[in-house]
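Student: my_file10.cif (mmCIF, C-alpha atoms) pasted underneath:
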data_my_file
#
loop_
_atom_site.group_PDB
_atom_site.id
_atom_site.type_symbol
_atom_site.label_atom_id
_atom_site.label_comp_id
_atom_site.auth_asym_id
_atom_site.auth_seq_id
_atom_site.Cartn_x
_atom_site.Cartn_y
_atom_site.Cartn_z
ATOM 1 C CA MET A 1 13.706 40.702 18.736
ATOM 2 C CA ASP A 2 10.175 42.121 18.843
ATOM 3 C CA ASP A 3 10.687 43.206 15.219
ATOM 4 C CA ARG A 4 11.494 39.621 14.242
ATOM 5 C CA LEU A 5 8.380 38.405 16.015
ATOM 6 C CA HIS A 6 6.338 41.063 14.205
ATOM 7 C CA VAL A 7 7.727 40.000 10.811
ATOM 8 C CA GLY A 8 7.057 36.343 11.623
ATOM 9 C CA LYS A 9 3.454 37.116 12.564
ATOM 10 C CA GLN A 10 3.006 39.185 9.404
ATOM 11 C CA ASN A 11 4.222 36.363 7.162
ATOM 12 C CA THR A 12 2.011 33.875 9.007
ATOM 13 C CA ASN A 13 -1.033 36.105 8.543
ATOM 14 C CA LYS A 14 -0.231 36.459 4.840
ATOM 15 C CA VAL A 15 -0.162 32.690 4.405
ATOM 16 C CA LEU A 16 -3.450 32.345 6.310
ATOM 17 C CA TRP A 17 -4.974 34.985 4.016
ATOM 18 C CA ILE A 18 -3.755 32.973 1.010
ATOM 19 C CA CYS A 19 -5.351 29.825 2.481
ATOM 20 C CA VAL A 20 -8.686 31.615 2.785
ATOM 21 C CA ASN A 21 -8.503 32.776 -0.848
ATOM 22 C CA ILE A 22 -7.629 29.291 -2.095
ATOM 23 C CA LEU A 23 -10.477 27.780 -0.091
ATOM 24 C CA ASN A 24 -12.996 30.349 -1.368
ATOM 25 C CA ILE A 25 -11.995 29.780 -5.000
ATOM 26 C CA ALA A 26 -12.050 25.999 -4.517
ATOM 27 C CA ARG A 27 -15.579 26.250 -3.154
ATOM 28 C CA SER A 28 -16.639 28.331 -6.157
ATOM 29 C CA LEU A 29 -15.347 25.540 -8.407
ATOM 30 C CA ASP A 30 -18.058 23.321 -6.929
ATOM 31 C CA ASN A 31 -20.594 25.396 -8.845
ATOM 32 C CA LEU A 32 -18.717 24.843 -12.100
ATOM 33 C CA SER A 33 -18.633 21.102 -11.457
ATOM 34 C CA PHE A 34 -22.390 21.145 -10.823
ATOM 35 C CA GLU A 35 -23.008 23.132 -14.021
ATOM 36 C CA ILE A 36 -20.942 20.659 -16.069
ATOM 37 C CA ASN A 37 -22.981 17.804 -14.598
ATOM 38 C CA MET A 38 -26.248 19.543 -15.529
ATOM 39 C CA LEU A 39 -24.966 20.162 -19.063
ATOM 40 C CA ALA A 40 -24.107 16.468 -19.316
ATOM 41 C CA LYS A 41 -27.632 15.470 -18.305
ATOM 42 C CA ASN A 42 -29.281 17.901 -20.711
ATOM 43 C CA GLY A 43 -26.870 16.886 -23.452
ATOM 44 C CA SER A 44 -27.648 13.209 -22.899
ATOM 45 C CA ILE A 45 -31.356 13.900 -23.285
ATOM 46 C CA ASN A 46 -30.759 15.744 -26.560
ATOM 47 C CA ALA A 47 -28.335 13.103 -27.794
ATOM 48 C CA ALA A 48 -30.961 10.420 -27.233
ATOM 49 C CA ARG A 49 -33.268 12.264 -29.639
ATOM 50 C CA VAL A 50 -30.739 12.336 -32.417
ATOM 51 C CA ASP A 51 -30.922 9.760 -35.189
ATOM 52 C CA ARG A 52 -28.286 7.181 -34.198
ATOM 53 C CA SER A 53 -27.159 6.753 -37.792
ATOM 54 C CA LYS A 54 -26.356 10.462 -37.992
ATOM 55 C CA GLY A 55 -25.219 11.338 -34.483
ATOM 56 C CA GLN A 56 -24.116 8.150 -32.765
ATOM 57 C CA MET A 57 -20.913 9.845 -31.516
ATOM 58 C CA MET A 58 -22.915 12.385 -29.529
ATOM 59 C CA VAL A 59 -23.968 9.957 -26.822
ATOM 60 C CA PRO A 60 -20.464 8.960 -25.560
ATOM 61 C CA LEU A 61 -19.153 12.501 -26.008
ATOM 62 C CA VAL A 62 -21.901 14.068 -23.933
ATOM 63 C CA GLY A 63 -21.711 11.195 -21.455
ATOM 64 C CA GLY A 64 -18.033 11.991 -20.970
ATOM 65 C CA LEU A 65 -19.047 15.297 -19.417
ATOM 66 C CA SER A 66 -20.456 13.413 -16.420
ATOM 67 C CA ASP A 67 -17.066 11.778 -15.837
ATOM 68 C CA ILE A 68 -15.380 15.187 -16.136
ATOM 69 C CA SER A 69 -17.752 16.658 -13.553
ATOM 70 C CA LEU A 70 -17.041 13.783 -11.145
ATOM 71 C CA GLN A 71 -13.273 14.109 -11.617
ATOM 72 C CA ILE A 72 -13.348 17.856 -10.972
ATOM 73 C CA ARG A 73 -15.486 17.445 -7.860
ATOM 74 C CA THR A 74 -13.161 14.754 -6.487
ATOM 75 C CA GLU A 75 -10.066 16.911 -6.996
ATOM 76 C CA ILE A 76 -11.783 19.992 -5.568
ATOM 77 C CA ASP A 77 -12.905 18.136 -2.425
ATOM 78 C CA LEU A 78 -9.346 16.918 -1.863
ATOM 79 C CA LEU A 79 -8.012 20.440 -2.513
ATOM 80 C CA LYS A 80 -10.368 21.890 0.098
ATOM 81 C CA THR A 81 -9.269 19.263 2.617
ATOM 82 C CA GLU A 82 -5.621 20.104 1.935
ATOM 83 C CA CYS A 83 -6.347 23.803 2.321
ATOM 84 C CA ILE A 84 -8.048 23.265 5.687
ATOM 85 C CA ASN A 85 -5.089 21.159 6.868
ATOM 86 C CA LEU A 86 -2.724 23.853 5.656
ATOM 87 C CA SER A 87 -4.599 26.517 7.629
ATOM 88 C CA ARG A 88 -4.291 24.396 10.775
ATOM 89 C CA LYS A 89 -0.554 23.897 10.285
ATOM 90 C CA ILE A 90 -0.030 27.614 9.656
ATOM 91 C CA SER A 91 -1.970 28.452 12.820
ATOM 92 C CA LEU A 92 0.325 26.109 14.756
ATOM 93 C CA CYS A 93 3.313 27.857 13.150
ATOM 94 C CA SER A 94 1.984 31.153 14.465
ATOM 95 C CA VAL A 95 1.603 29.754 17.988
ATOM 96 C CA CYS A 96 5.128 28.288 17.916
ATOM 97 C CA THR A 97 6.587 31.560 16.645
ATOM 98 C CA ARG A 98 4.987 33.538 19.461
ATOM 99 C CA ARG A 99 6.071 31.038 22.107
ATOM 100 C CA HIS A 100 9.617 30.819 20.771
ATOM 101 C CA TYR A 101 10.199 34.569 20.900
ATOM 102 C CA GLN A 102 8.390 35.060 24.206
ATOM 103 C CA TYR A 103 10.525 32.370 25.844
ATOM 104 C CA LYS A 104 13.680 34.024 24.537
ATOM 105 C CA LYS A 105 12.497 37.455 25.604
ATOM 106 C CA SER A 106 11.723 36.280 29.146
ATOM 107 C CA LEU A 107 15.118 34.560 29.281
ATOM 108 C CA ILE A 108 16.956 37.737 28.277
ATOM 109 C CA CYS A 109 14.983 39.746 30.874
ATOM 110 C CA SER A 110 15.919 37.209 33.571
ATOM 111 C CA LEU A 111 19.595 37.319 32.617
ATOM 112 C CA ASN A 112 19.501 41.123 32.648
ATOM 113 C CA ARG A 113 18.066 41.031 36.153
ATOM 114 C CA LEU A 114 20.605 38.481 37.386
ATOM 115 C CA HIS A 115 23.490 40.384 35.807
ATOM 116 C CA GLY A 116 22.453 43.593 37.553
ATOM 117 C CA LYS A 117 21.908 41.766 40.825
ATOM 118 C CA HIS A 118 25.374 40.239 40.921
ATOM 119 C CA GLN A 119 27.299 43.018 39.219
ATOM 120 C CA ASN A 120 25.395 45.862 40.934
ATOM 121 C CA ALA A 121 24.835 47.388 37.525
ATOM 122 C CA ASP A 122 22.700 46.775 34.524
ATOM 123 C CA PRO A 123 24.491 45.523 31.396
ATOM 124 C CA GLY A 124 25.517 48.315 29.076
ATOM 125 C CA PRO A 125 23.934 48.783 25.651
ATOM 126 C CA GLY A 126 26.805 46.933 23.983
ATOM 127 C CA GLU A 127 26.619 44.001 26.374
ATOM 128 C CA GLU A 128 22.849 43.769 26.138
ATOM 129 C CA SER A 129 23.128 43.867 22.359
ATOM 130 C CA GLN A 130 25.566 40.932 22.515
ATOM 131 C CA MET A 131 23.123 39.043 24.706
ATOM 132 C CA ILE A 132 20.219 39.618 22.319
ATOM 133 C CA GLU A 133 22.334 38.647 19.315
ATOM 134 C CA LEU A 134 23.476 35.478 21.058
ATOM 135 C CA PHE A 135 19.960 34.388 21.953
ATOM 136 C CA THR A 136 18.422 35.289 18.582
ATOM 137 C CA SER A 137 21.186 33.878 16.395
ATOM 138 C CA LYS A 138 20.048 31.272 13.875
ATOM 139 C CA LYS A 139 23.357 29.441 14.311
ATOM 140 C CA SER A 140 22.813 28.268 17.892
ATOM 141 C CA ASN A 141 19.921 26.993 19.971
ATOM 142 C CA THR A 142 18.657 28.644 23.119
ATOM 143 C CA ALA A 143 19.911 26.004 25.563
ATOM 144 C CA ASP A 144 23.479 26.220 24.230
ATOM 145 C CA SER A 145 23.335 30.026 24.250
ATOM 146 C CA LEU A 146 22.167 30.013 27.867
ATOM 147 C CA ALA A 147 24.953 27.678 28.976
ATOM 148 C CA SER A 148 27.518 29.836 27.173
ATOM 149 C CA TRP A 149 26.236 33.072 28.719
ATOM 150 C CA VAL A 150 25.998 31.686 32.258
ATOM 151 C CA GLU A 151 29.505 30.242 32.092
ATOM 152 C CA ASP A 152 30.987 33.432 30.651
ATOM 153 C CA LYS A 153 29.096 36.126 32.576
ATOM 154 C CA LEU A 154 27.590 34.651 35.755
ATOM 155 C CA SER A 155 29.811 31.660 36.514
ATOM 156 C CA ASP A 156 28.964 30.295 39.998
ATOM 157 C CA GLN A 157 27.004 33.383 41.073
ATOM 158 C CA ILE A 158 23.664 32.052 39.835
ATOM 159 C CA GLU A 159 21.619 29.912 42.204
ATOM 160 C CA GLU A 160 20.888 26.338 41.163
ATOM 161 C CA VAL A 161 17.118 26.730 41.211
ATOM 162 C CA GLU A 162 17.348 29.813 38.976
ATOM 163 C CA GLN A 163 19.599 28.011 36.547
ATOM 164 C CA ILE A 164 17.273 24.998 36.434
ATOM 165 C CA ASN A 165 14.267 27.240 35.753
ATOM 166 C CA MET A 166 16.043 29.093 32.972
ATOM 167 C CA GLU A 167 17.284 25.841 31.448
ATOM 168 C CA SER A 168 13.662 24.669 31.378
ATOM 169 C CA VAL A 169 12.614 27.868 29.581
ATOM 170 C CA ALA A 170 15.510 27.474 27.149
ATOM 171 C CA ARG A 171 14.438 23.914 26.299
ATOM 172 C CA LYS A 172 10.865 25.077 25.749
ATOM 173 C CA SER A 173 12.167 27.778 23.427
ATOM 174 C CA ASP A 174 14.105 25.201 21.425
ATOM 175 C CA ASP A 175 11.085 22.847 21.377
ATOM 176 C CA SER A 176 8.949 25.672 19.988
ATOM 177 C CA GLN A 177 11.562 26.362 17.329
ATOM 178 C CA ASN A 178 11.706 22.695 16.341
ATOM 179 C CA GLN A 179 7.919 22.486 16.195
ATOM 180 C CA PHE A 180 7.845 25.597 14.022
ATOM 181 C CA ARG A 181 10.270 23.977 11.557
ATOM 182 C CA LEU A 182 8.242 20.763 11.538
ATOM 183 C CA PHE A 183 4.902 22.489 10.946
ATOM 184 C CA THR A 184 6.400 24.771 8.281
ATOM 185 C CA GLN A 185 7.941 21.823 6.436
ATOM 186 C CA GLU A 186 4.621 19.983 6.609
ATOM 187 C CA SER A 187 2.870 23.108 5.294
ATOM 188 C CA ILE A 188 5.269 23.284 2.354
ATOM 189 C CA ARG A 189 4.586 19.625 1.529
ATOM 190 C CA ILE A 190 0.823 20.233 1.682
ATOM 191 C CA ILE A 191 0.985 23.237 -0.632
ATOM 192 C CA GLN A 192 3.247 21.357 -3.051
ATOM 193 C CA ALA A 193 0.666 18.553 -3.144
ATOM 194 C CA ALA A 194 -2.036 21.183 -3.769
ATOM 195 C CA ILE A 195 -0.067 22.573 -6.723
ATOM 196 C CA LYS A 196 0.141 19.081 -8.233
ATOM 197 C CA ARG A 197 -3.597 18.702 -7.718
ATOM 198 C CA LEU A 198 -4.161 21.968 -9.558
ATOM 199 C CA GLU A 199 -2.117 20.565 -12.431
ATOM 200 C CA ARG A 200 -4.483 17.568 -12.549
ATOM 201 C CA ILE A 201 -7.484 19.903 -12.561
ATOM 202 C CA GLU A 202 -5.884 21.712 -15.505
ATOM 203 C CA LYS A 203 -5.695 18.428 -17.439
ATOM 204 C CA ILE A 204 -9.377 17.807 -16.700
ATOM 205 C CA ARG A 205 -10.170 21.315 -17.936
ATOM 206 C CA LEU A 206 -8.341 20.635 -21.216
ATOM 207 C CA THR A 207 -10.309 17.395 -21.590
ATOM 208 C CA ALA A 208 -13.557 19.348 -21.247
ATOM 209 C CA LYS A 209 -12.296 21.782 -23.890
ATOM 210 C CA TYR A 210 -11.530 18.927 -26.278
ATOM 211 C CA VAL A 211 -14.960 17.372 -25.663
ATOM 212 C CA ALA A 212 -16.594 20.691 -26.596
ATOM 213 C CA SER A 213 -14.519 20.785 -29.798
ATOM 214 C CA TYR A 214 -15.458 17.225 -30.757
ATOM 215 C CA ILE A 215 -19.131 17.882 -30.081
ATOM 216 C CA SER A 216 -18.926 21.000 -32.252
ATOM 217 C CA ILE A 217 -17.317 18.973 -35.059
ATOM 218 C CA ASN A 218 -19.954 16.233 -34.907
ATOM 219 C CA VAL A 219 -22.772 18.792 -34.815
ATOM 220 C CA ALA A 220 -21.719 19.871 -38.300
ATOM 221 C CA TYR A 221 -22.674 16.421 -39.634
ATOM 222 C CA LEU A 222 -26.153 16.426 -38.167
ATOM 223 C CA GLU A 223 -28.987 17.064 -40.569
ATOM 224 C CA THR A 224 -31.498 17.718 -37.806
ATOM 225 C CA GLY A 225 -31.224 18.627 -34.129
ATOM 226 C CA ALA A 226 -27.950 20.515 -34.518
ATOM 227 C CA ASP A 227 -29.423 23.566 -32.814
ATOM 228 C CA ARG A 228 -29.846 21.509 -29.639
ATOM 229 C CA PHE A 229 -26.068 21.269 -29.240
ATOM 230 C CA HIS A 230 -24.912 24.763 -30.174
ATOM 231 C CA GLY A 231 -25.927 26.073 -26.759
ATOM 232 C CA LEU A 232 -24.292 23.065 -25.098
ATOM 233 C CA VAL A 233 -20.958 23.754 -26.794
ATOM 234 C CA GLU A 234 -21.166 27.452 -25.971
ATOM 235 C CA ASN A 235 -21.909 26.772 -22.288
ATOM 236 C CA ILE A 236 -19.075 24.239 -22.025
ATOM 237 C CA ASN A 237 -16.646 26.780 -23.455
ATOM 238 C CA ILE A 238 -17.856 29.425 -20.993
ATOM 239 C CA ILE A 239 -17.308 27.041 -18.063
ATOM 240 C CA VAL A 240 -13.902 26.018 -19.418
ATOM 241 C CA GLN A 241 -12.909 29.698 -19.590
ATOM 242 C CA GLN A 242 -14.108 30.327 -16.020
ATOM 243 C CA LEU A 243 -12.280 27.241 -14.825
ATOM 244 C CA ASP A 244 -9.083 28.460 -16.480
ATOM 245 C CA GLU A 245 -9.332 31.883 -14.828
ATOM 246 C CA GLN A 246 -9.912 30.404 -11.386
ATOM 247 C CA GLN A 247 -7.220 27.816 -11.974
ATOM 248 C CA GLN A 248 -4.682 30.552 -12.689
ATOM 249 C CA ALA A 249 -5.725 32.409 -9.544
ATOM 250 C CA LEU A 250 -5.322 29.235 -7.461
ATOM 251 C CA ILE A 251 -1.849 28.569 -8.855
ATOM 252 C CA HIS A 252 -0.848 32.187 -8.165
ATOM 253 C CA TYR A 253 -1.938 31.988 -4.520
ATOM 254 C CA ALA A 254 -0.422 28.526 -4.007
ATOM 255 C CA GLU A 255 2.971 29.546 -5.391
ATOM 256 C CA GLN A 256 2.900 32.784 -3.378
ATOM 257 C CA GLY A 257 2.158 30.782 -0.226
ATOM 258 C CA GLN A 258 4.979 28.363 -0.983
ATOM 259 C CA ARG A 259 7.463 31.223 -1.373
ATOM 260 C CA LEU A 260 6.368 32.771 1.928
ATOM 261 C CA LEU A 261 6.664 29.466 3.771
ATOM 262 C CA GLN A 262 10.133 28.847 2.388
ATOM 263 C CA THR A 263 11.144 32.376 3.414
ATOM 264 C CA MET A 264 9.792 31.807 6.932
ATOM 265 C CA LEU A 265 11.702 28.537 7.200
ATOM 266 C CA SER A 266 14.984 29.988 5.914
ATOM 267 C CA GLN A 267 14.773 32.899 8.354
ATOM 268 C CA ARG A 268 14.580 30.493 11.259
ATOM 269 C CA ASN A 269 17.261 27.992 10.189
#
Show me this structure written as C-alpha cells.

Tutor:
Amino acid sequence: MDDRLHVGKQNTNKVLWICVNILNIARSLDNLSFEINMLAKNGSINAARVDRSKGQMMVPLVGGLSDISLQIRTEIDLLKTECINLSRKISLCSVCTRRHYQYKKSLICSLNRLHGKHQNADPGPGEESQMIELFTSKKSNTADSLASWVEDKLSDQIEEVEQINMESVARKSDDSQNQFRLFTQESIRIIQAAIKRLERIEKIRLTAKYVASYISINVAYLETGADRFHGLVENINIIVQQLDEQQQALIHYAEQGQRLLQTMLSQRN
C-alpha cells in the first residue's frame, strides 16, 4: 500500500511540475504580446508617413497588430488563471491521496491489533495479504470492506466503541477518495479548457503571420518608405516563430498533464 501511495505522490508531483512549466511559458508570452503591441505602434507611425494614395492599406494592416496583441494578452491572462487553479486542484489531490492511504493504513493496523488480541496470534502473511488486498481494492469502498472483515473475522468480539471509531475512519477514507476523484475530474476539465485556449492562441498566431505577409505584399507597391516596413515584417515573423515554438511546448505539457491525470483517476476507480 505504501508503494501505491508513493506512485500517487510521484504522479501528483509530475503534474505540479507541468503546471509550473505551463505557467512560466505563459508568462513569457506576455513579453511577446508587449513586443507585438510596440511593433503596432511603430508601424502606425510609419504608416502615417506613407502617401495615402500609394500605401493606404498599410494603416489598417498595421493597426490590426494592436488587436492581435490585445487578443493574445487576454488569452494568456486566462491561461495563467487556469494554470493557477489547476495547481490548487492538484495540490488538493495530493492531500486527499495522502489522507486516503493513511486512513486505510491505520485501519489495517487496528484490525491487525484486534485480530491478535482476540485470536491470541497475529494474522499470518496470507491473511494479512488478504486484508490489505480487501482494503486497497478499487472495486469496493473502505466502509464496506470494514463491515465485511469485521463480520467475517471478528464477529461479536469487537467492542462497540472500537467499531464506531473504525467506521468513522473508514468513512473518512471514502470521503478522501471521493474528494480525490472530484478534484482530479475538475483538474482534467481545467486542462482540457487550457488546451482549447491554446488552440485559440494558435489561430491568433496564424492571423499575425498573415498580417506580416500582407504587409510584405503591400510594401512591394510603395515607391518610397518601403524600407520602414521591412524591419517590421521581419520582427513580426520572428515573434510569430517564437510564439509557435512556445505554443508547441505548452500543448506538449498540457497533453502530458492530461494523460497523467487520467491515469491517476483510472488507478483509483

Student: Which residues fall under the PyMOL selection byres ((chain A and resi 206-215) around 12) in this file, as a PDB file with C-alpha atoms, in the coordinates of the input?

Tutor:
ATOM      1  CA  LEU A  32     -18.717  24.843 -12.100  1.00  0.00           C
ATOM      2  CA  SER A  33     -18.633  21.102 -11.457  1.00  0.00           C
ATOM      3  CA  ILE A  36     -20.942  20.659 -16.069  1.00  0.00           C
ATOM      4  CA  ASN A  37     -22.981  17.804 -14.598  1.00  0.00           C
ATOM      5  CA  LEU A  39     -24.966  20.162 -19.063  1.00  0.00           C
ATOM      6  CA  ALA A  40     -24.107  16.468 -19.316  1.00  0.00           C
ATOM      7  CA  GLY A  43     -26.870  16.886 -23.452  1.00  0.00           C
ATOM      8  CA  ALA A  47     -28.335  13.103 -27.794  1.00  0.00           C
ATOM      9  CA  GLY A  55     -25.219  11.338 -34.483  1.00  0.00           C
ATOM     10  CA  GLN A  56     -24.116   8.150 -32.765  1.00  0.00           C
ATOM     11  CA  MET A  57     -20.913   9.845 -31.516  1.00  0.00           C
ATOM     12  CA  MET A  58     -22.915  12.385 -29.529  1.00  0.00           C
ATOM     13  CA  VAL A  59     -23.968   9.957 -26.822  1.00  0.00           C
ATOM     14  CA  PRO A  60     -20.464   8.960 -25.560  1.00  0.00           C
ATOM     15  CA  LEU A  61     -19.153  12.501 -26.008  1.00  0.00           C
ATOM     16  CA  VAL A  62     -21.901  14.068 -23.933  1.00  0.00           C
ATOM     17  CA  GLY A  63     -21.711  11.195 -21.455  1.00  0.00           C
ATOM     18  CA  GLY A  64     -18.033  11.991 -20.970  1.00  0.00           C
ATOM     19  CA  LEU A  65     -19.047  15.297 -19.417  1.00  0.00           C
ATOM     20  CA  SER A  66     -20.456  13.413 -16.420  1.00  0.00           C
ATOM     21  CA  ASP A  67     -17.066  11.778 -15.837  1.00  0.00           C
ATOM     22  CA  ILE A  68     -15.380  15.187 -16.136  1.00  0.00           C
ATOM     23  CA  SER A  69     -17.752  16.658 -13.553  1.00  0.00           C
ATOM     24  CA  GLN A  71     -13.273  14.109 -11.617  1.00  0.00           C
ATOM     25  CA  ILE A  72     -13.348  17.856 -10.972  1.00  0.00           C
ATOM     26  CA  GLU A 199      -2.117  20.565 -12.431  1.00  0.00           C
ATOM     27  CA  ARG A 200      -4.483  17.568 -12.549  1.00  0.00           C
ATOM     28  CA  ILE A 201      -7.484  19.903 -12.561  1.00  0.00           C
ATOM     29  CA  GLU A 202      -5.884  21.712 -15.505  1.00  0.00           C
ATOM     30  CA  LYS A 203      -5.695  18.428 -17.439  1.00  0.00           C
ATOM     31  CA  ILE A 204      -9.377  17.807 -16.700  1.00  0.00           C
ATOM     32  CA  ARG A 205     -10.170  21.315 -17.936  1.00  0.00           C
ATOM     33  CA  SER A 216     -18.926  21.000 -32.252  1.00  0.00           C
ATOM     34  CA  ILE A 217     -17.317  18.973 -35.059  1.00  0.00           C
ATOM     35  CA  ASN A 218     -19.954  16.233 -34.907  1.00  0.00           C
ATOM     36  CA  VAL A 219     -22.772  18.792 -34.815  1.00  0.00           C
ATOM     37  CA  ALA A 220     -21.719  19.871 -38.300  1.00  0.00           C
ATOM     38  CA  TYR A 221     -22.674  16.421 -39.634  1.00  0.00           C
ATOM     39  CA  LEU A 222     -26.153  16.426 -38.167  1.00  0.00           C
ATOM     40  CA  ALA A 226     -27.950  20.515 -34.518  1.00  0.00           C
ATOM     41  CA  ARG A 228     -29.846  21.509 -29.639  1.00  0.00           C
ATOM     42  CA  PHE A 229     -26.068  21.269 -29.240  1.00  0.00           C
ATOM     43  CA  HIS A 230     -24.912  24.763 -30.174  1.00  0.00           C
ATOM     44  CA  GLY A 231     -25.927  26.073 -26.759  1.00  0.00           C
ATOM     45  CA  LEU A 232     -24.292  23.065 -25.098  1.00  0.00           C
ATOM     46  CA  VAL A 233     -20.958  23.754 -26.794  1.00  0.00           C
ATOM     47  CA  GLU A 234     -21.166  27.452 -25.971  1.00  0.00           C
ATOM     48  CA  ASN A 235     -21.909  26.772 -22.288  1.00  0.00           C
ATOM     49  CA  ILE A 236     -19.075  24.239 -22.025  1.00  0.00           C
ATOM     50  CA  ASN A 237     -16.646  26.780 -23.455  1.00  0.00           C
ATOM     51  CA  ILE A 238     -17.856  29.425 -20.993  1.00  0.00           C
ATOM     52  CA  ILE A 239     -17.308  27.041 -18.063  1.00  0.00           C
ATOM     53  CA  VAL A 240     -13.902  26.018 -19.418  1.00  0.00           C
ATOM     54  CA  GLN A 241     -12.909  29.698 -19.590  1.00  0.00           C
ATOM     55  CA  GLN A 242     -14.108  30.327 -16.020  1.00  0.00           C
ATOM     56  CA  LEU A 243     -12.280  27.241 -14.825  1.00  0.00           C
ATOM     57  CA  ASP A 244      -9.083  28.460 -16.480  1.00  0.00           C
ATOM     58  CA  GLN A 247      -7.220  27.816 -11.974  1.00  0.00           C
TER      59      GLN A 247
END

Student: Counting all atoms listed in the file, which residues sit no farther than 8 Å from the position (-8.4, 33.7, -4.5) in the file's frame? I'd like them as a PyMOL selection string.

Tutor: chain A and resi 18+20-25+246+249-250+253

Student: Residues picked by the PyMOL selection byres ((chain A and resi 164-174) around 7) here, as a count of residues only?

Tutor: 15

Student: From the list A:Ser94, A:Asn42, A:Gln258, A:Thr184, which residue is nearest Val7 in chain A when using all atoms listed in the file?

Tutor: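 Ranking A:Ser94, A:Asn42, A:Gln258, A:Thr184 by distance to Val7 in chain A, first place goes to A:Ser94.
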
Student: Choose the residue, out of A:Ala48, A:Leu182, A:Leu265, A:Leu16, that has the smallest atom-to-atom separation from Arg88 in chain A; count only C-alpha atoms.

Tutor: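 Selected residue with least distance to Arg88 in chain A: A:Leu16.
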
Student: Could you work out how far CA of Gln179 in chain A lies from CA of Ala26 in chain A, giving the answer in Å with one decimal?

Tutor: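 Between these atoms lies a distance of 29.0 Å.
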
Student: Please produce range 63-78 of chain A, completed to N, CA and C atoms, as a PDB file, in the coordinates of the input.

Tutor:
ATOM      1  N   GLY A  63     -21.833  11.989 -22.672  1.00  0.00           N
ATOM      2  CA  GLY A  63     -21.711  11.195 -21.455  1.00  0.00           C
ATOM      3  C   GLY A  63     -20.381  11.420 -20.760  1.00  0.00           C
ATOM      4  N   GLY A  64     -19.347  11.730 -21.556  1.00  0.00           N
ATOM      5  CA  GLY A  64     -18.033  11.991 -20.970  1.00  0.00           C
ATOM      6  C   GLY A  64     -18.012  13.204 -20.068  1.00  0.00           C
ATOM      7  N   LEU A  65     -18.973  14.107 -20.270  1.00  0.00           N
ATOM      8  CA  LEU A  65     -19.047  15.297 -19.417  1.00  0.00           C
ATOM      9  C   LEU A  65     -19.354  14.925 -17.968  1.00  0.00           C
ATOM     10  N   SER A  66     -20.146  13.860 -17.782  1.00  0.00           N
ATOM     11  CA  SER A  66     -20.456  13.413 -16.420  1.00  0.00           C
ATOM     12  C   SER A  66     -19.195  12.950 -15.713  1.00  0.00           C
ATOM     13  N   ASP A  67     -18.335  12.222 -16.426  1.00  0.00           N
ATOM     14  CA  ASP A  67     -17.066  11.778 -15.837  1.00  0.00           C
ATOM     15  C   ASP A  67     -16.185  12.978 -15.494  1.00  0.00           C
ATOM     16  N   ILE A  68     -16.183  13.984 -16.385  1.00  0.00           N
ATOM     17  CA  ILE A  68     -15.380  15.187 -16.136  1.00  0.00           C
ATOM     18  C   ILE A  68     -15.860  15.903 -14.879  1.00  0.00           C
ATOM     19  N   SER A  69     -17.186  16.008 -14.738  1.00  0.00           N
ATOM     20  CA  SER A  69     -17.752  16.658 -13.553  1.00  0.00           C
ATOM     21  C   SER A  69     -17.351  15.927 -12.281  1.00  0.00           C
ATOM     22  N   LEU A  70     -17.406  14.581 -12.317  1.00  0.00           N
ATOM     23  CA  LEU A  70     -17.041  13.783 -11.145  1.00  0.00           C
ATOM     24  C   LEU A  70     -15.554  13.948 -10.811  1.00  0.00           C
ATOM     25  N   GLN A  71     -14.711  13.960 -11.835  1.00  0.00           N
ATOM     26  CA  GLN A  71     -13.273  14.109 -11.617  1.00  0.00           C
ATOM     27  C   GLN A  71     -12.951  15.466 -10.996  1.00  0.00           C
ATOM     28  N   ILE A  72     -13.587  16.519 -11.521  1.00  0.00           N
ATOM     29  CA  ILE A  72     -13.348  17.856 -10.972  1.00  0.00           C
ATOM     30  C   ILE A  72     -13.792  17.931  -9.521  1.00  0.00           C
ATOM     31  N   ARG A  73     -14.970  17.386  -9.226  1.00  0.00           N
ATOM     32  CA  ARG A  73     -15.486  17.445  -7.860  1.00  0.00           C
ATOM     33  C   ARG A  73     -14.565  16.693  -6.892  1.00  0.00           C
ATOM     34  N   THR A  74     -14.062  15.537  -7.330  1.00  0.00           N
ATOM     35  CA  THR A  74     -13.161  14.754  -6.487  1.00  0.00           C
ATOM     36  C   THR A  74     -11.893  15.541  -6.171  1.00  0.00           C
ATOM     37  N   GLU A  75     -11.299  16.143  -7.200  1.00  0.00           N
ATOM     38  CA  GLU A  75     -10.066  16.911  -6.996  1.00  0.00           C
ATOM     39  C   GLU A  75     -10.322  18.146  -6.139  1.00  0.00           C
ATOM     40  N   ILE A  76     -11.452  18.788  -6.332  1.00  0.00           N
ATOM     41  CA  ILE A  76     -11.783  19.992  -5.568  1.00  0.00           C
ATOM     42  C   ILE A  76     -11.988  19.650  -4.092  1.00  0.00           C
ATOM     43  N   ASP A  77     -12.690  18.549  -3.818  1.00  0.00           N
ATOM     44  CA  ASP A  77     -12.905  18.136  -2.425  1.00  0.00           C
ATOM     45  C   ASP A  77     -11.572  17.860  -1.725  1.00  0.00           C
ATOM     46  N   LEU A  78     -10.663  17.197  -2.434  1.00  0.00           N
ATOM     47  CA  LEU A  78      -9.346  16.918  -1.863  1.00  0.00           C
ATOM     48  C   LEU A  78      -8.552  18.213  -1.674  1.00  0.00           C
TER      49      LEU A  78
END
